[in-house]
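query.pdb follows; it contains PDB, C-alpha atoms and all ligand atoms.
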MODEL        1
ATOM      1  CA  MET A   1      -1.020  14.165  20.155  1.00  0.00           C
ATOM      2  CA  HIS A   2      -1.130  12.926  16.584  1.00  0.00           C
ATOM      3  CA  GLY A   3       1.596  10.843  14.921  1.00  0.00           C
ATOM      4  CA  CYS A   4       2.320  10.561  11.228  1.00  0.00           C
ATOM      5  CA  PHE A   5       0.687   8.050   8.884  1.00  0.00           C
ATOM      6  CA  ILE A   6       2.794   7.078   5.848  1.00  0.00           C
ATOM      7  CA  THR A   7       1.624   4.488   3.320  1.00  0.00           C
ATOM      8  CA  PHE A   8       3.586   2.587   0.662  1.00  0.00           C
ATOM      9  CA  GLU A   9       1.972   1.796  -2.686  1.00  0.00           C
ATOM     10  CA  GLY A  10       2.846   0.172  -5.999  1.00  0.00           C
ATOM     11  CA  GLY A  11       2.475  -2.917  -8.135  1.00  0.00           C
ATOM     12  CA  GLU A  12       4.078  -6.290  -7.516  1.00  0.00           C
ATOM     13  CA  GLY A  13       7.879  -6.376  -7.301  1.00  0.00           C
ATOM     14  CA  ALA A  14       8.307  -2.629  -6.771  1.00  0.00           C
ATOM     15  CA  GLY A  15      10.513  -3.274  -3.703  1.00  0.00           C
ATOM     16  CA  LYS A  16       8.341  -1.258  -1.314  1.00  0.00           C
ATOM     17  CA  THR A  17       8.292  -3.914   1.429  1.00  0.00           C
ATOM     18  CA  THR A  18      12.120  -4.053   1.627  1.00  0.00           C
ATOM     19  CA  VAL A  19      12.432  -0.273   1.543  1.00  0.00           C
ATOM     20  CA  LEU A  20       9.793   0.101   4.260  1.00  0.00           C
ATOM     21  CA  ALA A  21      11.905  -1.989   6.651  1.00  0.00           C
ATOM     22  CA  ALA A  22      15.029   0.062   5.862  1.00  0.00           C
ATOM     23  CA  LEU A  23      13.164   3.328   6.394  1.00  0.00           C
ATOM     24  CA  ALA A  24      11.814   2.087   9.736  1.00  0.00           C
ATOM     25  CA  ASP A  25      15.360   1.296  10.945  1.00  0.00           C
ATOM     26  CA  HIS A  26      16.579   4.689   9.831  1.00  0.00           C
ATOM     27  CA  LEU A  27      13.759   6.581  11.562  1.00  0.00           C
ATOM     28  CA  LYS A  28      14.233   4.588  14.779  1.00  0.00           C
ATOM     29  CA  GLU A  29      17.932   5.489  14.758  1.00  0.00           C
ATOM     30  CA  GLN A  30      16.850   9.117  14.608  1.00  0.00           C
ATOM     31  CA  GLY A  31      14.795   8.604  17.750  1.00  0.00           C
ATOM     32  CA  TYR A  32      11.299   8.314  16.293  1.00  0.00           C
ATOM     33  CA  ALA A  33       8.827   5.758  17.637  1.00  0.00           C
ATOM     34  CA  VAL A  34       7.834   3.716  14.578  1.00  0.00           C
ATOM     35  CA  LEU A  35       5.190   1.076  13.901  1.00  0.00           C
ATOM     36  CA  THR A  36       5.461  -1.023  10.730  1.00  0.00           C
ATOM     37  CA  THR A  37       2.481  -2.933   9.452  1.00  0.00           C
ATOM     38  CA  ARG A  38       0.846  -4.190   6.264  1.00  0.00           C
ATOM     39  CA  GLU A  39      -2.470  -4.589   4.517  1.00  0.00           C
ATOM     40  CA  PRO A  40      -4.432  -6.703   4.184  1.00  0.00           C
ATOM     41  CA  GLY A  41      -3.399  -8.124   7.549  1.00  0.00           C
ATOM     42  CA  GLY A  42      -1.340  -6.808  10.441  1.00  0.00           C
ATOM     43  CA  ILE A  43      -3.730  -8.147  13.114  1.00  0.00           C
ATOM     44  CA  GLU A  44      -5.453 -11.503  13.616  1.00  0.00           C
ATOM     45  CA  ILE A  45      -8.882 -10.705  12.139  1.00  0.00           C
ATOM     46  CA  ALA A  46      -7.392  -8.942   9.116  1.00  0.00           C
ATOM     47  CA  GLU A  47      -4.848 -11.746   8.508  1.00  0.00           C
ATOM     48  CA  LYS A  48      -7.801 -14.165   8.414  1.00  0.00           C
ATOM     49  CA  ILE A  49      -9.593 -11.956   5.886  1.00  0.00           C
ATOM     50  CA  ARG A  50      -6.305 -11.780   3.911  1.00  0.00           C
ATOM     51  CA  ASN A  51      -6.273 -15.576   3.679  1.00  0.00           C
ATOM     52  CA  ILE A  52      -9.833 -15.629   2.367  1.00  0.00           C
ATOM     53  CA  ILE A  53      -9.054 -12.994  -0.271  1.00  0.00           C
ATOM     54  CA  LEU A  54      -5.674 -14.257  -1.433  1.00  0.00           C
ATOM     55  CA  THR A  55      -6.004 -18.057  -1.353  1.00  0.00           C
ATOM     56  CA  PRO A  56      -5.235 -19.060  -4.975  1.00  0.00           C
ATOM     57  CA  GLU A  57      -8.166 -21.534  -4.991  1.00  0.00           C
ATOM     58  CA  HIS A  58     -10.754 -18.755  -4.519  1.00  0.00           C
ATOM     59  CA  THR A  59     -10.930 -18.057  -8.259  1.00  0.00           C
ATOM     60  CA  MET A  60     -14.727 -17.664  -8.066  1.00  0.00           C
ATOM     61  CA  MET A  61     -14.544 -14.570  -5.834  1.00  0.00           C
ATOM     62  CA  ASP A  62     -16.669 -11.711  -7.163  1.00  0.00           C
ATOM     63  CA  GLY A  63     -14.940  -8.332  -7.604  1.00  0.00           C
ATOM     64  CA  ARG A  64     -17.305  -6.493  -5.241  1.00  0.00           C
ATOM     65  CA  THR A  65     -16.857  -9.181  -2.602  1.00  0.00           C
ATOM     66  CA  GLU A  66     -13.114  -8.707  -2.973  1.00  0.00           C
ATOM     67  CA  ALA A  67     -13.400  -4.905  -2.600  1.00  0.00           C
ATOM     68  CA  LEU A  68     -15.631  -5.226   0.484  1.00  0.00           C
ATOM     69  CA  LEU A  69     -13.302  -7.737   2.130  1.00  0.00           C
ATOM     70  CA  TYR A  70     -10.298  -5.447   1.622  1.00  0.00           C
ATOM     71  CA  ALA A  71     -12.303  -2.563   3.106  1.00  0.00           C
ATOM     72  CA  ALA A  72     -13.391  -4.721   6.078  1.00  0.00           C
ATOM     73  CA  ALA A  73      -9.812  -5.811   6.776  1.00  0.00           C
ATOM     74  CA  ARG A  74      -8.742  -2.147   6.473  1.00  0.00           C
ATOM     75  CA  ARG A  75     -11.328  -0.982   9.012  1.00  0.00           C
ATOM     76  CA  GLN A  76     -10.370  -3.531  11.645  1.00  0.00           C
ATOM     77  CA  HIS A  77      -6.632  -2.959  11.154  1.00  0.00           C
ATOM     78  CA  LEU A  78      -7.136   0.796  11.407  1.00  0.00           C
ATOM     79  CA  VAL A  79      -9.069   0.752  14.684  1.00  0.00           C
ATOM     80  CA  GLU A  80      -7.058  -2.000  16.336  1.00  0.00           C
ATOM     81  CA  LYS A  81      -3.548  -1.039  15.305  1.00  0.00           C
ATOM     82  CA  VAL A  82      -3.056   2.148  13.284  1.00  0.00           C
ATOM     83  CA  LEU A  83      -5.178   4.643  15.231  1.00  0.00           C
ATOM     84  CA  PRO A  84      -3.835   3.678  18.687  1.00  0.00           C
ATOM     85  CA  ALA A  85      -0.263   4.066  17.379  1.00  0.00           C
ATOM     86  CA  LEU A  86      -1.038   7.475  15.873  1.00  0.00           C
ATOM     87  CA  GLN A  87      -2.696   8.552  19.104  1.00  0.00           C
ATOM     88  CA  ALA A  88       0.515   7.513  20.890  1.00  0.00           C
ATOM     89  CA  GLY A  89       2.439   9.892  18.600  1.00  0.00           C
ATOM     90  CA  LYS A  90       4.167   7.226  16.476  1.00  0.00           C
ATOM     91  CA  ILE A  91       5.117   7.209  12.822  1.00  0.00           C
ATOM     92  CA  VAL A  92       3.076   4.424  11.219  1.00  0.00           C
ATOM     93  CA  LEU A  93       4.559   2.891   8.058  1.00  0.00           C
ATOM     94  CA  CYS A  94       1.913   0.812   6.328  1.00  0.00           C
ATOM     95  CA  ASP A  95       2.584  -1.447   3.341  1.00  0.00           C
ATOM     96  CA  ARG A  96      -0.507  -0.659   1.168  1.00  0.00           C
ATOM     97  CA  PHE A  97      -3.701   1.179   2.117  1.00  0.00           C
ATOM     98  CA  ILE A  98      -6.706   2.743   0.348  1.00  0.00           C
ATOM     99  CA  ASP A  99      -4.879   3.502  -2.932  1.00  0.00           C
ATOM    100  CA  SER A 100      -4.318  -0.228  -3.517  1.00  0.00           C
ATOM    101  CA  SER A 101      -8.085  -0.689  -3.488  1.00  0.00           C
ATOM    102  CA  LEU A 102      -8.570   2.240  -5.880  1.00  0.00           C
ATOM    103  CA  ALA A 103      -5.972   0.897  -8.365  1.00  0.00           C
ATOM    104  CA  TYR A 104      -6.664  -2.864  -8.087  1.00  0.00           C
ATOM    105  CA  GLN A 105     -10.421  -3.048  -7.436  1.00  0.00           C
ATOM    106  CA  GLY A 106     -11.531   0.383  -8.644  1.00  0.00           C
ATOM    107  CA  TYR A 107      -9.593   0.462 -11.892  1.00  0.00           C
ATOM    108  CA  ALA A 108      -8.111  -2.955 -12.758  1.00  0.00           C
ATOM    109  CA  ARG A 109     -11.240  -4.889 -11.721  1.00  0.00           C
ATOM    110  CA  GLY A 110     -13.383  -2.208 -13.343  1.00  0.00           C
ATOM    111  CA  LEU A 111     -15.556  -1.429 -10.306  1.00  0.00           C
ATOM    112  CA  GLY A 112     -14.940   2.316 -10.603  1.00  0.00           C
ATOM    113  CA  ILE A 113     -12.481   4.398  -8.600  1.00  0.00           C
ATOM    114  CA  ASP A 114     -15.286   6.580  -7.173  1.00  0.00           C
ATOM    115  CA  GLU A 115     -17.387   3.599  -6.078  1.00  0.00           C
ATOM    116  CA  VAL A 116     -14.459   1.927  -4.359  1.00  0.00           C
ATOM    117  CA  PHE A 117     -13.458   5.242  -2.792  1.00  0.00           C
ATOM    118  CA  ALA A 118     -16.994   5.533  -1.357  1.00  0.00           C
ATOM    119  CA  ILE A 119     -16.950   2.158   0.412  1.00  0.00           C
ATOM    120  CA  ASN A 120     -13.480   2.909   1.717  1.00  0.00           C
ATOM    121  CA  ARG A 121     -14.575   6.256   3.089  1.00  0.00           C
ATOM    122  CA  PHE A 122     -17.228   4.323   5.000  1.00  0.00           C
ATOM    123  CA  ALA A 123     -14.471   2.072   6.342  1.00  0.00           C
ATOM    124  CA  ILE A 124     -11.854   4.678   7.265  1.00  0.00           C
ATOM    125  CA  ARG A 125     -13.998   7.824   7.701  1.00  0.00           C
ATOM    126  CA  ASP A 126     -11.544  10.730   7.408  1.00  0.00           C
ATOM    127  CA  CYS A 127      -8.373   8.880   8.371  1.00  0.00           C
ATOM    128  CA  MET A 128      -6.374   9.391   5.178  1.00  0.00           C
ATOM    129  CA  PRO A 129      -2.573   9.014   5.155  1.00  0.00           C
ATOM    130  CA  ASP A 130      -0.457  12.119   5.773  1.00  0.00           C
ATOM    131  CA  LEU A 131       1.949  10.975   3.050  1.00  0.00           C
ATOM    132  CA  THR A 132       1.872   8.202   0.450  1.00  0.00           C
ATOM    133  CA  LEU A 133       4.890   6.951  -1.501  1.00  0.00           C
ATOM    134  CA  PHE A 134       4.159   5.394  -4.868  1.00  0.00           C
ATOM    135  CA  PHE A 135       6.928   3.031  -6.017  1.00  0.00           C
ATOM    136  CA  ASP A 136       6.923   3.408  -9.760  1.00  0.00           C
ATOM    137  CA  ILE A 137       8.119   0.467 -11.864  1.00  0.00           C
ATOM    138  CA  ASP A 138       7.027  -0.921 -15.208  1.00  0.00           C
ATOM    139  CA  PRO A 139       4.705  -3.864 -14.354  1.00  0.00           C
ATOM    140  CA  GLU A 140       6.596  -6.308 -16.566  1.00  0.00           C
ATOM    141  CA  LYS A 141       9.878  -5.509 -14.798  1.00  0.00           C
ATOM    142  CA  GLY A 142       8.200  -5.803 -11.396  1.00  0.00           C
ATOM    143  CA  LEU A 143       6.785  -9.235 -12.230  1.00  0.00           C
ATOM    144  CA  ASN A 144      10.193 -10.385 -13.513  1.00  0.00           C
ATOM    145  CA  ARG A 145      11.715  -9.330 -10.201  1.00  0.00           C
ATOM    146  CA  ILE A 146       9.295 -11.428  -8.163  1.00  0.00           C
ATOM    147  CA  ALA A 147       9.626 -14.400 -10.542  1.00  0.00           C
ATOM    148  CA  VAL A 148      13.254 -14.875  -9.470  1.00  0.00           C
ATOM    149  CA  ASN A 149      12.431 -14.577  -5.740  1.00  0.00           C
ATOM    150  CA  LYS A 150      11.477 -18.165  -4.893  1.00  0.00           C
ATOM    151  CA  ASP A 151      10.740 -17.433  -1.201  1.00  0.00           C
ATOM    152  CA  ARG A 152       7.999 -14.968  -1.969  1.00  0.00           C
ATOM    153  CA  GLU A 153       4.331 -15.876  -1.352  1.00  0.00           C
ATOM    154  CA  ARG A 154       2.401 -16.422  -4.633  1.00  0.00           C
ATOM    155  CA  ASN A 155      -1.126 -15.193  -3.987  1.00  0.00           C
ATOM    156  CA  ARG A 156      -4.301 -15.100  -6.069  1.00  0.00           C
ATOM    157  CA  LEU A 157      -3.607 -11.577  -7.341  1.00  0.00           C
ATOM    158  CA  ASP A 158       0.049 -12.275  -8.208  1.00  0.00           C
ATOM    159  CA  LEU A 159      -1.256 -15.045 -10.458  1.00  0.00           C
ATOM    160  CA  GLU A 160      -3.368 -12.664 -12.569  1.00  0.00           C
ATOM    161  CA  ALA A 161      -2.227 -12.101 -16.174  1.00  0.00           C
ATOM    162  CA  LEU A 162       0.221  -9.364 -17.157  1.00  0.00           C
ATOM    163  CA  SER A 163      -2.713  -7.442 -18.674  1.00  0.00           C
ATOM    164  CA  PHE A 164      -4.251  -7.141 -15.176  1.00  0.00           C
ATOM    165  CA  HIS A 165      -0.999  -5.794 -13.713  1.00  0.00           C
ATOM    166  CA  LYS A 166      -0.775  -3.281 -16.563  1.00  0.00           C
ATOM    167  CA  GLN A 167      -4.280  -2.138 -15.643  1.00  0.00           C
ATOM    168  CA  VAL A 168      -3.206  -1.794 -12.005  1.00  0.00           C
ATOM    169  CA  TYR A 169      -0.327   0.413 -13.157  1.00  0.00           C
ATOM    170  CA  GLU A 170      -2.696   2.593 -15.207  1.00  0.00           C
ATOM    171  CA  GLY A 171      -5.003   2.811 -12.194  1.00  0.00           C
ATOM    172  CA  TYR A 172      -2.155   4.018 -10.002  1.00  0.00           C
ATOM    173  CA  GLN A 173      -1.319   6.760 -12.544  1.00  0.00           C
ATOM    174  CA  LEU A 174      -4.876   8.101 -12.188  1.00  0.00           C
ATOM    175  CA  VAL A 175      -4.777   7.861  -8.401  1.00  0.00           C
ATOM    176  CA  VAL A 176      -1.387   9.628  -8.190  1.00  0.00           C
ATOM    177  CA  GLU A 177      -2.732  12.439 -10.377  1.00  0.00           C
ATOM    178  CA  ARG A 178      -5.929  12.761  -8.377  1.00  0.00           C
ATOM    179  CA  PHE A 179      -4.216  12.876  -4.983  1.00  0.00           C
ATOM    180  CA  SER A 180      -1.088  14.718  -6.058  1.00  0.00           C
ATOM    181  CA  ASP A 181      -1.032  16.718  -2.780  1.00  0.00           C
ATOM    182  CA  ARG A 182      -0.628  13.541  -0.768  1.00  0.00           C
ATOM    183  CA  ILE A 183       1.224  11.094  -3.055  1.00  0.00           C
ATOM    184  CA  GLN A 184       4.902  11.327  -3.993  1.00  0.00           C
ATOM    185  CA  THR A 185       6.462   9.100  -6.630  1.00  0.00           C
ATOM    186  CA  ILE A 186       9.658   7.131  -6.024  1.00  0.00           C
ATOM    187  CA  GLN A 187      11.508   5.858  -9.098  1.00  0.00           C
ATOM    188  CA  ALA A 188      11.667   2.166  -8.187  1.00  0.00           C
ATOM    189  CA  ASP A 189      13.502   1.055 -11.316  1.00  0.00           C
ATOM    190  CA  GLN A 190      16.937   1.681  -9.731  1.00  0.00           C
ATOM    191  CA  THR A 191      19.209  -0.313  -7.428  1.00  0.00           C
ATOM    192  CA  LEU A 192      17.761  -1.045  -4.023  1.00  0.00           C
ATOM    193  CA  GLU A 193      20.286   1.315  -2.453  1.00  0.00           C
ATOM    194  CA  GLN A 194      19.224   4.162  -4.715  1.00  0.00           C
ATOM    195  CA  VAL A 195      15.532   3.509  -4.026  1.00  0.00           C
ATOM    196  CA  GLU A 196      16.217   3.475  -0.272  1.00  0.00           C
ATOM    197  CA  ASN A 197      18.172   6.731  -0.465  1.00  0.00           C
ATOM    198  CA  GLU A 198      15.474   8.467  -2.481  1.00  0.00           C
ATOM    199  CA  THR A 199      12.855   7.290   0.012  1.00  0.00           C
ATOM    200  CA  LEU A 200      14.847   8.500   3.036  1.00  0.00           C
ATOM    201  CA  LEU A 201      15.331  11.865   1.388  1.00  0.00           C
ATOM    202  CA  GLN A 202      11.650  12.351   0.554  1.00  0.00           C
ATOM    203  CA  VAL A 203      10.448  11.267   3.988  1.00  0.00           C
ATOM    204  CA  SER A 204      13.031  13.448   5.792  1.00  0.00           C
ATOM    205  CA  GLU A 205      11.923  16.451   3.729  1.00  0.00           C
ATOM    206  CA  PHE A 206       8.295  15.712   4.523  1.00  0.00           C
ATOM    207  CA  LEU A 207       8.953  15.424   8.267  1.00  0.00           C
ATOM    208  CA  LYS A 208      10.935  18.659   8.209  1.00  0.00           C
ATOM    209  CA  HIS A 209       7.956  20.534   6.777  1.00  0.00           C
ATOM    210  CA  HIS A 210       5.249  18.650   8.693  1.00  0.00           C
ATOM    211  CA  PRO A 211       6.438  18.350  12.285  1.00  0.00           C
ATOM    212  CA  PHE A 212       4.038  16.498  14.546  1.00  0.00           C
TER     213      PHE A 212
HETATM  214  P1  LIG A 301       1.035  -7.833  -0.984  1.00  0.00           P
HETATM  215  O1  LIG A 301       1.414  -8.809  -2.039  1.00  0.00           O
HETATM  216  O2  LIG A 301       1.653  -6.505  -1.181  1.00  0.00           O
HETATM  217  O3  LIG A 301       1.151  -8.376   0.384  1.00  0.00           O
HETATM  218  O4  LIG A 301      -0.543  -7.512  -1.186  1.00  0.00           O
HETATM  219  C1  LIG A 301      -1.437  -8.496  -1.370  1.00  0.00           C
HETATM  220  C2  LIG A 301      -2.186  -8.346  -2.676  1.00  0.00           C
HETATM  221  O5  LIG A 301      -3.429  -7.696  -2.437  1.00  0.00           O
HETATM  222  C3  LIG A 301      -1.467  -7.559  -3.755  1.00  0.00           C
HETATM  223  O6  LIG A 301      -1.613  -8.274  -4.966  1.00  0.00           O
HETATM  224  C4  LIG A 301      -2.262  -6.278  -3.841  1.00  0.00           C
HETATM  225  C5  LIG A 301      -3.642  -6.680  -3.407  1.00  0.00           C
HETATM  226  N1  LIG A 301      -4.457  -5.636  -2.794  1.00  0.00           N
HETATM  227  C6  LIG A 301      -5.615  -5.212  -3.425  1.00  0.00           C
HETATM  228  O7  LIG A 301      -5.937  -5.693  -4.503  1.00  0.00           O
HETATM  229  N2  LIG A 301      -6.393  -4.268  -2.818  1.00  0.00           N
HETATM  230  C7  LIG A 301      -6.080  -3.739  -1.604  1.00  0.00           C
HETATM  231  O8  LIG A 301      -6.813  -2.891  -1.089  1.00  0.00           O
HETATM  232  C8  LIG A 301      -4.858  -4.185  -0.954  1.00  0.00           C
HETATM  233  C9  LIG A 301      -4.489  -3.625   0.376  1.00  0.00           C
HETATM  234  C10 LIG A 301      -4.086  -5.127  -1.580  1.00  0.00           C
ENDMDL
END
Let me see the structure of the file written as structure tokens.
Amino acid sequence: MHGCFITFEGGEGAGKTTVLAALADHLKEQGYAVLTTREPGGIEIAEKIRNIILTPEHTMMDGRTEALLYAAARRQHLVEKVLPALQAGKIVLCDRFIDSSLAYQGYARGLGIDEVFAINRFAIRDCMPDLTLFFDIDPEKGLNRIAVNKDRERNRLDLEALSFHKQVYEGYQLVVERFSDRIQTIQADQTLEQVENETLLQVSEFLKHHPF
């Protein structure tokens, strides 16, 4: 039996983490078995790699090192947590996956989307998401949203200049176009309630047409 693998993507402050939790509650109420998780992290080894990548002091980290560490964390998280849940027939909701690497490392860091895709294919083999939701918000607005949230972690990538986050946004546009069969866009520049409703609608439609 195979479950359903749904990933959440977008720049900083797009609201995807909050919406993911709301979607999980909704799906559980409908009787689905749901696993929520995040990248980089979600299990001990990957959380340790996350710390290495995102510690603000690690300003000297090379872009390729960064891409390889994300891919390594992804591999371990996939085999330890995601694949067993899918094999158990669950819906897995994952906050970020391969498309983050394509937009952030492949495009914004300038390593090349194809190159970063290649190392990620090594890491995940053919385990691509069944559905990806891209939370679309202007990067400036997204950064303003997180600036007012004092409880939020400030990591090394959050601290990059606005120009970097604009590049990430451009990278996502290319990725969404390239994988248009898999990725659906959610207008994230609305109230949280509206974003949640749009997400529920899109996921319900998807599940209706892709029973598992
Ligand atoms: P988070 O803030 O959503 O927890 O994600 C941590 C940061 O890591 C965020 O700035 C996006 C970045 N990131 C990448 O650059 N590449 C990746 O492959 C992933 C998963 C995250």
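Each of A:Cys127, A:Leu192, A:Ile53, A:Leu157 was compared to ligand LIG 301 (chain A) using only C-alpha atoms and all ligand atoms, and A:Leu157 turns out to be the nearest.
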Legend entry - For CA of His210 in chain A and CA of Leu131 in chain A, the interatomic separation in Å (one decimal): 10.1 Å
Inset, instruction - Tell me, as a VMD selection string, which residues lie within 8 Å of range 5-12 of chain A, counting only C-alpha atoms; anything in the same chain fewer than 2 positions away does not count. - result: chain A and resid 3 14 16 20 86 91 to 97 99 to 100 129 to 137 139 142 to 143 146 158 165 168 to 169 172
Inset, instruction - I need the residue set behind the PyMOL selection byres (((chain A and resi 69) around 10) and not hetatm) for this file; please write it as JSON, numbers by chain. - result: {"A": [40, 46, 49, 50, 52, 53, 63, 64, 65, 66, 67, 68, 70, 71, 72, 73, 74, 75]}
Which residues, named as in the file, does the PyMOL selection byres (((chain A and resi 57) around 12) and not hetatm) pick out? Answer as a PDB file with C-alpha atoms, keeping the file's coordinate frame.
ATOM      1  CA  ASN A  51      -6.273 -15.576   3.679  1.00  0.00           C
ATOM      2  CA  ILE A  52      -9.833 -15.629   2.367  1.00  0.00           C
ATOM      3  CA  ILE A  53      -9.054 -12.994  -0.271  1.00  0.00           C
ATOM      4  CA  LEU A  54      -5.674 -14.257  -1.433  1.00  0.00           C
ATOM      5  CA  THR A  55      -6.004 -18.057  -1.353  1.00  0.00           C
ATOM      6  CA  PRO A  56      -5.235 -19.060  -4.975  1.00  0.00           C
ATOM      7  CA  HIS A  58     -10.754 -18.755  -4.519  1.00  0.00           C
ATOM      8  CA  THR A  59     -10.930 -18.057  -8.259  1.00  0.00           C
ATOM      9  CA  MET A  60     -14.727 -17.664  -8.066  1.00  0.00           C
ATOM     10  CA  MET A  61     -14.544 -14.570  -5.834  1.00  0.00           C
ATOM     11  CA  ARG A 154       2.401 -16.422  -4.633  1.00  0.00           C
ATOM     12  CA  ASN A 155      -1.126 -15.193  -3.987  1.00  0.00           C
ATOM     13  CA  ARG A 156      -4.301 -15.100  -6.069  1.00  0.00           C
ATOM     14  CA  LEU A 157      -3.607 -11.577  -7.341  1.00  0.00           C
ATOM     15  CA  LEU A 159      -1.256 -15.045 -10.458  1.00  0.00           C
TER      16      LEU A 159
END
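If you look at CA of Leu83 in chain A and CA of Tyr32 in chain A, they are 16.9 Å away from each other.
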Inset, instruction - Name the residues that the PyMOL selection byres (((chain A and resi 33) around 9) and not hetatm) picks from the file above, as a PyMOL selection string, using the file's chain letters and numbers. - result: chain A and resi 27-28+31-32+34-35+89-92
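Interatomic distance, CA of Glu193 in chain A against CA of Glu153 in chain A: 23.5 Å.
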Inset, instruction - Using all atoms listed in the file, find all polymer residues with an atom at most 12 Å away from the point (-8.3, 8.6, -7.1); report them as JSON, numbers by chain. - result: {"A": [98, 99, 100, 101, 102, 103, 104, 105, 106, 107, 112, 113, 114, 115, 116, 117, 118, 120, 170, 171, 172, 173, 174, 175, 176, 177, 178, 179, 180, 181, 182, 183]}
Residues of the last selection are to be written out with C-alpha atoms, as a PDB file, in the frame of the given file.
ATOM      1  CA  ILE A  98      -6.706   2.743   0.348  1.00  0.00           C
ATOM      2  CA  ASP A  99      -4.879   3.502  -2.932  1.00  0.00           C
ATOM      3  CA  SER A 100      -4.318  -0.228  -3.517  1.00  0.00           C
ATOM      4  CA  SER A 101      -8.085  -0.689  -3.488  1.00  0.00           C
ATOM      5  CA  LEU A 102      -8.570   2.240  -5.880  1.00  0.00           C
ATOM      6  CA  ALA A 103      -5.972   0.897  -8.365  1.00  0.00           C
ATOM      7  CA  TYR A 104      -6.664  -2.864  -8.087  1.00  0.00           C
ATOM      8  CA  GLN A 105     -10.421  -3.048  -7.436  1.00  0.00           C
ATOM      9  CA  GLY A 106     -11.531   0.383  -8.644  1.00  0.00           C
ATOM     10  CA  TYR A 107      -9.593   0.462 -11.892  1.00  0.00           C
ATOM     11  CA  GLY A 112     -14.940   2.316 -10.603  1.00  0.00           C
ATOM     12  CA  ILE A 113     -12.481   4.398  -8.600  1.00  0.00           C
ATOM     13  CA  ASP A 114     -15.286   6.580  -7.173  1.00  0.00           C
ATOM     14  CA  GLU A 115     -17.387   3.599  -6.078  1.00  0.00           C
ATOM     15  CA  VAL A 116     -14.459   1.927  -4.359  1.00  0.00           C
ATOM     16  CA  PHE A 117     -13.458   5.242  -2.792  1.00  0.00           C
ATOM     17  CA  ALA A 118     -16.994   5.533  -1.357  1.00  0.00           C
ATOM     18  CA  ASN A 120     -13.480   2.909   1.717  1.00  0.00           C
ATOM     19  CA  GLU A 170      -2.696   2.593 -15.207  1.00  0.00           C
ATOM     20  CA  GLY A 171      -5.003   2.811 -12.194  1.00  0.00           C
ATOM     21  CA  TYR A 172      -2.155   4.018 -10.002  1.00  0.00           C
ATOM     22  CA  GLN A 173      -1.319   6.760 -12.544  1.00  0.00           C
ATOM     23  CA  LEU A 174      -4.876   8.101 -12.188  1.00  0.00           C
ATOM     24  CA  VAL A 175      -4.777   7.861  -8.401  1.00  0.00           C
ATOM     25  CA  VAL A 176      -1.387   9.628  -8.190  1.00  0.00           C
ATOM     26  CA  GLU A 177      -2.732  12.439 -10.377  1.00  0.00           C
ATOM     27  CA  ARG A 178      -5.929  12.761  -8.377  1.00  0.00           C
ATOM     28  CA  PHE A 179      -4.216  12.876  -4.983  1.00  0.00           C
ATOM     29  CA  SER A 180      -1.088  14.718  -6.058  1.00  0.00           C
ATOM     30  CA  ASP A 181      -1.032  16.718  -2.780  1.00  0.00           C
ATOM     31  CA  ARG A 182      -0.628  13.541  -0.768  1.00  0.00           C
ATOM     32  CA  ILE A 183       1.224  11.094  -3.055  1.00  0.00           C
TER      33      ILE A 183
END
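The closest residue to ligand LIG 301 (chain A), picked from A:Glu160, A:Glu205, A:Asp151, A:Asp25 and counting all atoms listed in the file, is A:Glu160.
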